[in-house]
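**Q** After the structure tokens below, expect a handful of questions from me.
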Amino acid sequence: MTEFHIREPSTSNATSPKIKPPPKVSKIPGQFFYAPSDDGTDENLLILLHGLGDTHLPFSKLGKSLKLPQTAILAIRAPEQVPFLYEDAYQWYTSFDDLGETIERPNPTPALQFLSKVLDHLTNGCTWPPNRIHFFGFAQGGSVAAEFGIDRWKAQLQSKKAITSSETDSTVERPLPSFASIVTVSGPLLSYPTVSTLCPTPILVVHRSPPAETALPTGALNSFKKAYQSVTESKMGAKAPGMPASKEEWEPIMRFWSQHLSRRQVDGLYEVMTGMEK
């Protein structure tokens, strides 16, 4: 078991309740698993997005096993069932054509629209501030998480532009809300990033080296750097399957979270971040 200290949050979240309302089944399309923080303080929310052909169930178990302090978890099942299969296998966007061939340039827009509905419910109905929401995605789920971070940031920039143009006092600077962090494991960006201002959300890009089947395409890391201010890379071995498979491969991810998870001070005590149990 690995331990990390959590940083002091730079901004106060006094208006956010210590215990958040759970998401409502009627507000999130499809199936999901939610669990509040084990220690009774819901300061962070970790949203887990599975890969192509999977469901949310393995990621709900993963989220519980991480035991991140002051962190609730939400594992979401992708909205579309993979065609041609007679088992529980889901996809975040259409991945195959009518002949069953892989689509080389898929369109993630349906997934981004799906997550927008989820986010609206989490922020408005469950009182989660965007800067306390973290994403962890594997393969297709990682791509969707990274694309969603850019999509929401572009929306914030457009909103700021509209507000600024209508304000008489142009000297007022309002900080733009962004997500707390994103971890994408073997999930490249699907689109060419075009942003006027880089997204401040820290992102960790975890990937395996070639000839691993889940190795990132050439230039993938540079694409992230054209969209995000802070991009950290973590390389895993080429022989194992896609997901981190050892304590050594999980360590950079746990260290990343230790740097970006927020904490709510309780009675002057300082929390210690506990890693995933083995």
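The way I read the labels, and the way they are meant: chains A, B, ... in the order of the structure tokens, residue 1 as the first residue of every chain, and ligand 1 as the first ligand shown, with later ones counted on from there.
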Find the residues around Met236 (chain A) up to 12 Å (only C-alpha atoms counted), leave out those fewer than 3 positions away in its own chain, and share them as a list in words.

**A**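 Everything that qualifies: Val185, Ser186, Val205, Val206, His207, Arg208, Ser209, Pro210, Pro211, Ala212, Thr214, Ala215, Leu216, Glu233, Lys239, Ala240, Pro241, Gly242, Met243, Pro244, Ala245, Ser246, Lys247, Glu248, Glu249, Trp250, Glu251, Pro252 and Ile253 of chain A.
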
**Q** Among region 67-238 of chain A, which residues carry a DSSP assignment of strand (DSSP E), reported as JSON, numbers by chain?

**A** {"A": [71, 72, 73, 74, 75, 76, 80, 81, 90, 91, 133, 134, 135, 136, 137, 138, 181, 182, 183, 184, 185, 203, 204, 205, 206, 207, 208, 231, 232, 233, 234, 235, 236]}

**Q** Set the distance at 10 Å and use only C-alpha atoms: which residues neighbour Thr127 (chain A) once local chain neighbours fewer than 5 positions away are removed? I'd like the list as a CSV table (one decimal) with all heavy atoms, in the first residue's frame.

**A**
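That gives us part_9.csv:
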chain,number,residue,atom,x,y,z
A,15,THR,N,-19.0,26.7,0.0
A,15,THR,CA,-20.4,26.5,-0.4
A,15,THR,C,-20.8,25.1,-0.9
A,15,THR,O,-21.9,24.8,-1.0
A,15,THR,CB,-20.7,27.5,-1.6
A,15,THR,OG1,-19.8,27.2,-2.7
A,15,THR,CG2,-20.5,29.0,-1.1
A,16,SER,N,-19.8,24.3,-1.0
A,16,SER,CA,-20.0,22.9,-1.5
A,16,SER,C,-20.2,22.0,-0.2
A,16,SER,O,-19.4,22.0,0.6
A,16,SER,CB,-18.9,22.4,-2.3
A,16,SER,OG,-19.1,21.1,-2.7
A,17,PRO,N,-21.3,21.3,-0.1
A,17,PRO,CA,-21.6,20.5,1.1
A,17,PRO,C,-20.6,19.4,1.2
A,17,PRO,O,-20.0,18.9,0.2
A,17,PRO,CB,-23.0,19.9,0.9
A,17,PRO,CG,-23.2,20.0,-0.6
A,17,PRO,CD,-22.4,21.2,-1.1
A,19,ILE,N,-21.1,16.3,2.2
A,19,ILE,CA,-21.7,15.1,1.7
A,19,ILE,C,-22.6,15.5,0.5
A,19,ILE,O,-23.5,16.2,0.7
A,19,ILE,CB,-22.5,14.3,2.7
A,19,ILE,CG1,-21.6,13.9,3.9
A,19,ILE,CG2,-23.1,13.1,2.1
A,19,ILE,CD1,-22.3,13.2,5.1
A,20,LYS,N,-22.3,15.0,-0.7
A,20,LYS,CA,-23.0,15.3,-1.9
A,20,LYS,C,-24.2,14.4,-2.1
A,20,LYS,O,-24.1,13.2,-1.8
A,20,LYS,CB,-22.1,15.3,-3.1
A,20,LYS,CG,-20.8,16.1,-3.0
A,20,LYS,CD,-21.1,17.6,-2.9
A,20,LYS,CE,-19.8,18.4,-3.1
A,20,LYS,NZ,-18.8,18.1,-2.1
A,21,PRO,N,-25.3,14.9,-2.7
A,21,PRO,CA,-26.4,14.0,-3.0
A,21,PRO,C,-25.9,13.0,-4.1
A,21,PRO,O,-25.2,13.4,-5.0
A,21,PRO,CB,-27.5,15.0,-3.6
A,21,PRO,CG,-27.1,16.3,-3.1
A,21,PRO,CD,-25.6,16.3,-3.0
A,22,PRO,N,-26.3,11.8,-4.1
A,22,PRO,CA,-26.0,10.8,-5.1
A,22,PRO,C,-26.7,11.2,-6.4
A,22,PRO,O,-27.8,11.7,-6.4
A,22,PRO,CB,-26.4,9.5,-4.6
A,22,PRO,CG,-27.5,9.8,-3.6
A,22,PRO,CD,-27.2,11.2,-3.0
A,120,ASP,N,-24.0,18.3,-16.3
A,120,ASP,CA,-25.1,19.3,-15.8
A,120,ASP,C,-25.8,18.8,-14.6
A,120,ASP,O,-26.1,19.6,-13.7
A,120,ASP,CB,-26.1,19.5,-17.0
A,120,ASP,CG,-25.5,20.3,-18.1
A,120,ASP,OD1,-24.4,20.9,-17.9
A,120,ASP,OD2,-26.1,20.3,-19.2
A,121,HIS,N,-26.1,17.5,-14.5
A,121,HIS,CA,-26.7,16.9,-13.4
A,121,HIS,C,-25.8,16.9,-12.1
A,121,HIS,O,-26.2,17.3,-11.0
A,121,HIS,CB,-27.2,15.5,-13.6
A,121,HIS,CG,-27.8,14.8,-12.4
A,121,HIS,ND1,-28.8,15.4,-11.7
A,121,HIS,CD2,-27.5,13.6,-11.9
A,121,HIS,CE1,-29.1,14.5,-10.7
A,121,HIS,NE2,-28.3,13.5,-10.8
A,122,LEU,N,-24.5,16.6,-12.4
A,122,LEU,CA,-23.6,16.6,-11.2
A,122,LEU,C,-23.3,17.9,-10.7
A,122,LEU,O,-23.2,18.1,-9.4
A,122,LEU,CB,-22.2,16.0,-11.7
A,122,LEU,CG,-22.2,14.5,-12.1
A,122,LEU,CD1,-20.9,14.1,-12.7
A,122,LEU,CD2,-22.6,13.6,-10.9

**Q** For region 190-198 of chain A, please output as a PyMOL selection string all residues within 12 Å (counting only C-alpha atoms; exclusion window: fewer than 3 positions along the same chain).

**A** chain A and resi 93+95+103-109+139-158+160-161+176+178+187+201-203+216-217+219-231

**Q** Find, counting only C-alpha atoms, the residue in A:Ala89, A:Cys199, A:Leu62, A:Ile182 that gets nearest to Leu261 (chain A).

**A**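 Closest candidate: A:Ile182.
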
**Q** Apply DSSP to the backbone of this structure and, from region 101-166 of chain A, keep only the residues in helix (DSSP H, G or I); write these as a PyMOL selection string.

**A** chain A and resi 109-125+130-132+140-166

**Q** Quote the spacing between CA of Thr94 (chain A) and CA of Val183 (chain A) in Å to one decimal place.

**A** 22.6 Å

**Q** Kindly give the distance, in Å, that separates CA of Lys117 (chain A) and CA of Pro69 (chain A), rounded to a single decimal.

**A**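 So the answer is 26.7 Å.
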
**Q** As an exercise, work out the distance from CA of Trp92 (chain A) to CA of His56 (chain A) in Å and give it to one decimal place.

**A** 11.7 Å

**Q** Which is closest to Ile133 (chain A) among A:Asp88, A:Asp42, A:Asp54, A:Asp98, if we use only C-alpha atoms?

**A**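 For Ile133 (chain A), the nearest of the given residues is A:Asp42.
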
**Q** Counting only C-alpha atoms, which residue out of A:Glu87, A:Glu80, A:Glu101, A:Glu43 sits closest to Gly30 (chain A)?

**A**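 Result for the nearest residue to Gly30 (chain A): A:Glu80.
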
**Q** Considering only C-alpha atoms, state which residue in the set A:Ala78, A:Val25, A:Leu99, A:Leu49 is at the smallest distance from Thr184 (chain A).

**A**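 Looking only at the distances to Thr184 (chain A), the closest residue turns out to be A:Leu49.
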
**Q** Could you check the closest approach to Thr218 (chain A) for each of A:Pro23, A:Pro83, A:Pro188, A:Pro177 and tell me which residue wins, using only C-alpha atoms?

**A**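 Among the listed residues, A:Pro188 lies closest to Thr218 (chain A).
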
**Q** My list of candidates is A:Ser65, A:Ser159, A:Gln70, A:Ser60. Which is closest to Pro36 (chain A) when distances are computed with only C-alpha atoms?

**A**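 Using only C-alpha atoms, Pro36 (chain A) sits closest to A:Gln70.
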